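One file, work_29.txt, carrying compact mmCIF, C-alpha atoms:
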```
# COMPACT_ATOMS: atom_id res chain seq x y z
CA MET A 20 -20.66 17.46 2.85
CA LYS A 21 -18.97 17.84 6.19
CA ASP A 22 -15.48 19.34 6.42
CA ALA A 23 -14.13 16.09 7.90
CA LYS A 24 -15.40 14.07 4.96
CA ILE A 25 -13.95 16.52 2.46
CA LYS A 26 -10.62 16.40 4.30
CA LYS A 27 -10.63 12.57 4.13
CA LEU A 28 -11.41 12.63 0.42
CA VAL A 29 -8.64 15.15 -0.26
CA MET A 30 -6.14 13.15 1.82
CA SER A 31 -7.24 9.98 0.00
CA ALA A 32 -6.57 11.62 -3.35
CA LEU A 33 -3.20 12.88 -2.13
CA LEU A 34 -2.16 9.45 -0.88
CA ALA A 35 -3.40 7.81 -4.09
CA ALA A 36 -1.17 10.24 -6.01
CA LEU A 37 1.77 9.43 -3.71
CA VAL A 38 1.21 5.69 -4.16
CA PHE A 39 1.11 6.23 -7.93
CA ALA A 40 4.25 8.40 -7.98
CA ALA A 41 6.30 6.14 -5.70
CA THR A 42 5.29 3.10 -7.72
CA MET A 43 5.73 4.65 -11.15
CA VAL A 44 8.90 6.66 -10.67
CA ILE A 45 11.06 4.23 -8.72
CA ARG A 46 10.83 0.90 -10.55
CA ILE A 47 13.53 -1.72 -10.39
CA PRO A 48 12.95 -4.35 -13.10
CA SER A 49 12.51 -7.91 -11.88
CA PRO A 50 13.78 -10.93 -13.81
CA THR A 51 10.25 -12.36 -13.63
CA GLY A 52 8.82 -9.60 -15.84
CA GLY A 53 7.45 -7.24 -13.22
CA TYR A 54 9.23 -4.68 -11.12
CA VAL A 55 10.04 -3.85 -7.49
CA ASN A 56 8.94 -0.39 -6.35
CA LEU A 57 8.61 1.88 -3.31
CA GLY A 58 4.84 2.29 -3.56
CA ASP A 59 4.16 -0.15 -0.74
CA CYS A 60 5.30 2.28 1.96
CA PHE A 61 2.52 4.62 0.80
CA VAL A 62 0.07 1.72 0.51
CA LEU A 63 0.69 1.02 4.21
CA LEU A 64 0.59 4.71 5.10
CA SER A 65 -2.78 4.95 3.38
CA GLY A 66 -4.22 2.29 5.67
CA TRP A 67 -2.55 3.67 8.80
CA LEU A 68 -3.34 7.34 8.24
CA LEU A 69 -6.74 7.19 6.57
CA GLY A 70 -8.16 4.06 8.14
CA PRO A 71 -9.19 0.86 6.42
CA TRP A 72 -11.83 2.14 3.99
CA TYR A 73 -10.36 5.39 2.69
CA GLY A 74 -6.89 3.86 2.90
CA ALA A 75 -7.98 0.88 0.81
CA ALA A 76 -9.43 3.20 -1.82
CA ALA A 77 -6.28 5.35 -2.00
CA ALA A 78 -3.91 2.36 -2.12
CA GLY A 79 -5.96 0.39 -4.64
CA ILE A 80 -6.62 3.28 -7.00
CA GLY A 81 -3.07 4.67 -6.92
CA SER A 82 -1.52 1.25 -7.54
CA MET A 83 -4.05 0.29 -10.18
CA LEU A 84 -3.42 3.50 -12.13
CA THR A 85 0.29 2.68 -12.21
CA ASP A 86 -0.36 -0.71 -13.78
CA LEU A 87 -2.80 0.83 -16.23
CA LEU A 88 -0.40 3.56 -17.38
CA ALA A 89 2.75 1.40 -17.26
CA GLY A 90 1.34 -1.19 -19.66
CA TYR A 91 0.54 -3.94 -17.16
CA THR A 92 -3.18 -3.84 -17.95
CA TYR A 93 -3.70 -7.55 -17.20
CA TYR A 94 -2.72 -6.79 -13.58
CA VAL A 95 -5.13 -3.84 -13.13
CA PRO A 96 -8.04 -5.70 -11.46
CA ALA A 97 -5.71 -7.80 -9.29
CA THR A 98 -3.69 -4.79 -8.21
CA LEU A 99 -6.82 -2.85 -7.26
CA ILE A 100 -8.02 -5.69 -5.03
CA ILE A 101 -4.64 -6.79 -3.62
CA LYS A 102 -3.34 -3.32 -2.73
CA ALA A 103 -6.71 -2.30 -1.30
CA ALA A 104 -6.73 -5.45 0.86
CA ASP A 105 -3.12 -4.72 1.90
CA ALA A 106 -3.99 -1.21 3.14
CA MET A 107 -7.29 -2.32 4.65
CA ALA A 108 -5.65 -5.08 6.70
CA ALA A 109 -2.88 -2.74 7.85
CA GLY A 110 -5.40 -0.10 8.90
CA LEU A 111 -7.71 -2.53 10.68
CA ILE A 112 -4.92 -4.31 12.58
CA TRP A 113 -3.17 -1.09 13.56
CA ARG A 114 -6.39 0.33 14.99
CA ALA A 115 -7.34 -2.94 16.71
CA MET A 116 -3.93 -3.09 18.40
CA GLY A 117 -4.25 0.41 19.81
CA ARG A 118 -2.10 2.33 17.32
CA LYS A 119 1.15 1.38 19.03
CA ARG A 120 4.56 1.01 17.41
CA GLY A 121 4.49 -2.78 17.57
CA ALA A 122 1.14 -2.62 15.84
CA LEU A 123 2.77 -0.87 12.87
CA VAL A 124 5.16 -3.78 12.43
CA ALA A 125 2.47 -6.46 12.86
CA SER A 126 -0.03 -4.72 10.58
CA GLY A 127 2.66 -4.01 7.98
CA ILE A 128 3.73 -7.66 7.92
CA VAL A 129 0.15 -8.88 7.49
CA GLY A 130 -0.56 -6.28 4.80
CA GLU A 131 2.55 -7.12 2.85
CA LEU A 132 1.97 -10.87 3.12
CA ILE A 133 -1.44 -10.22 1.55
CA MET A 134 0.41 -8.48 -1.28
CA VAL A 135 2.97 -11.28 -1.74
CA PHE A 136 0.46 -14.14 -1.69
CA GLY A 137 -2.17 -12.16 -3.57
CA TYR A 138 0.15 -11.64 -6.52
CA PHE A 139 1.40 -15.21 -6.27
CA GLY A 140 -2.17 -16.54 -6.42
CA PHE A 141 -3.14 -14.24 -9.27
CA THR A 142 -0.03 -15.08 -11.30
CA ALA A 143 -0.20 -18.81 -10.59
CA LEU A 144 -3.91 -19.36 -11.08
CA LEU A 145 -5.36 -16.63 -13.26
CA LEU A 146 -2.35 -15.94 -15.46
CA GLY A 147 -1.66 -19.69 -15.68
CA LYS A 148 1.99 -19.62 -14.59
CA GLY A 149 1.48 -22.34 -11.98
CA LEU A 150 4.45 -22.94 -9.73
CA GLY A 151 6.52 -20.65 -11.95
CA ALA A 152 4.86 -17.82 -10.05
CA THR A 153 7.08 -18.67 -7.08
CA LEU A 154 9.87 -16.81 -8.88
CA SER A 155 8.14 -13.52 -8.07
CA ILE A 156 7.98 -14.19 -4.31
CA PRO A 157 11.54 -13.08 -3.40
CA GLY A 158 11.15 -9.74 -5.21
CA ASP A 159 7.75 -9.18 -3.65
CA LEU A 160 9.16 -9.98 -0.18
CA VAL A 161 11.94 -7.41 -0.69
CA GLN A 162 9.40 -4.87 -1.89
CA GLY A 163 7.16 -5.61 1.10
CA ALA A 164 9.99 -5.41 3.64
CA THR A 165 11.16 -2.13 2.15
CA GLY A 166 7.59 -0.81 2.29
CA ILE A 167 7.28 -1.72 5.96
CA VAL A 168 10.59 -0.12 6.97
CA LEU A 169 10.04 3.09 4.99
CA GLY A 170 6.39 3.27 6.03
CA ILE A 171 7.29 3.02 9.72
CA LEU A 172 10.01 5.65 9.30
CA LEU A 173 7.53 8.01 7.67
CA MET A 174 5.00 7.34 10.43
CA LYS A 175 7.64 8.25 13.04
CA ILE A 176 8.30 11.50 11.20
CA PHE A 177 4.57 12.22 11.07
CA GLU A 178 4.16 11.42 14.77
CA HIS A 179 6.72 14.10 15.64
CA SER A 180 4.97 16.68 13.52
CA LYS A 181 1.43 17.95 13.66
CA VAL A 182 0.53 16.08 10.48
CA MET A 183 -0.94 13.09 12.35
CA ASP A 184 -3.22 15.33 14.40
CA LYS A 185 -4.55 17.05 11.29
CA ILE A 186 -5.09 13.88 9.27
CA MET A 187 -6.59 11.67 11.94
CA LYS A 188 -9.14 14.07 13.43
```
Rewrite the structure of this file - the entire thing - as structure tokens.
Amino acid sequence: MKDAKIKKLVMSALLAALVFAATMVIRIPSPTGGYVNLGDCFVLLSGWLLGPWYGAAAAGIGSMLTDLLAGYTYYVPATLIIKAADAMAAGLIWRAMGRKRGALVASGIVGELIMVFGYFGFTALLLGKGLGATLSIPGDLVQGATGIVLGILLMKIFEHSKVMDKIMK
């Protein structure tokens, strides 16, 4: 294996662990039965720092493990797909827009809208909650907005350090 591939795998595992920790440790219970967490900033960072494929793997696996170990096993497959799609979209859009600051905002919004509507669709259709699933949208929007703001702040910190150069080579 090449050193670059090993570095990407190690960074993917690290970001998956950060997604897991941020999601598992900081959980604010929601009246709809779920919880709001800070994992989304690391979901977005996964897509931005690692690119769409490795970022999707890190985000999906880290988030899925949280649901598995927190007792939300019925959400495991949905979380894997939704969070992976969130990070993948953020990574693809950010790269397509030339990795500029405005691209972070645009890609974060698209990624988090995938999260909000992904969970709405899963809860409404597959869990059979119908329009009752709309109750989760406000909490998911707050979680998504928080993820975008914190993710962009972390990216700014990384830009001013040599971390970005090491990760993205």
Proximity to A:Leu132 - best of A:Leu88, A:Ile171, A:Ala109, A:Met83, only C-alpha atoms |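 Closest to A:Leu132 of all the choices is A:Ala109.
Interatomic distance, atom CA of A:Asp159 to atom CA of A:Met30: 26.9 Å.
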Tell me, in Å to one decimal, how far atom CA of A:Phe141 is from atom CA of A:Tyr91.
-> 13.5 Å
Could you list as a PyMOL selection string every residue that has an atom within 9 Å of (-7.5, -9.1, 9.0), using the file's coordinates and counting all atoms listed in the file?
-> chain A and resi 104+107-109+111-112+126+129-130
Test item: residues at most 6 Å from A:Gly79, only C-alpha atoms, excluding those fewer than 3 positions along its chain, as a VMD selection string | chain A and resid 75 to 76 82 to 83 99 102 to 103
Sphere at (-5.3, 7.5, 7.8), radius 12 Å, counting all atoms listed in the file: residues as number ranges by chain | A: 26-34, 61-78, 106-107, 109-111, 113-114, 118, 174, 177, 182-188
Report the distance between atom CA of A:Leu173 and atom CA of A:Phe139 in Å, rounded to one decimal place.
->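 Atom CA of A:Phe139 lies 27.8 Å from atom CA of A:Leu173.
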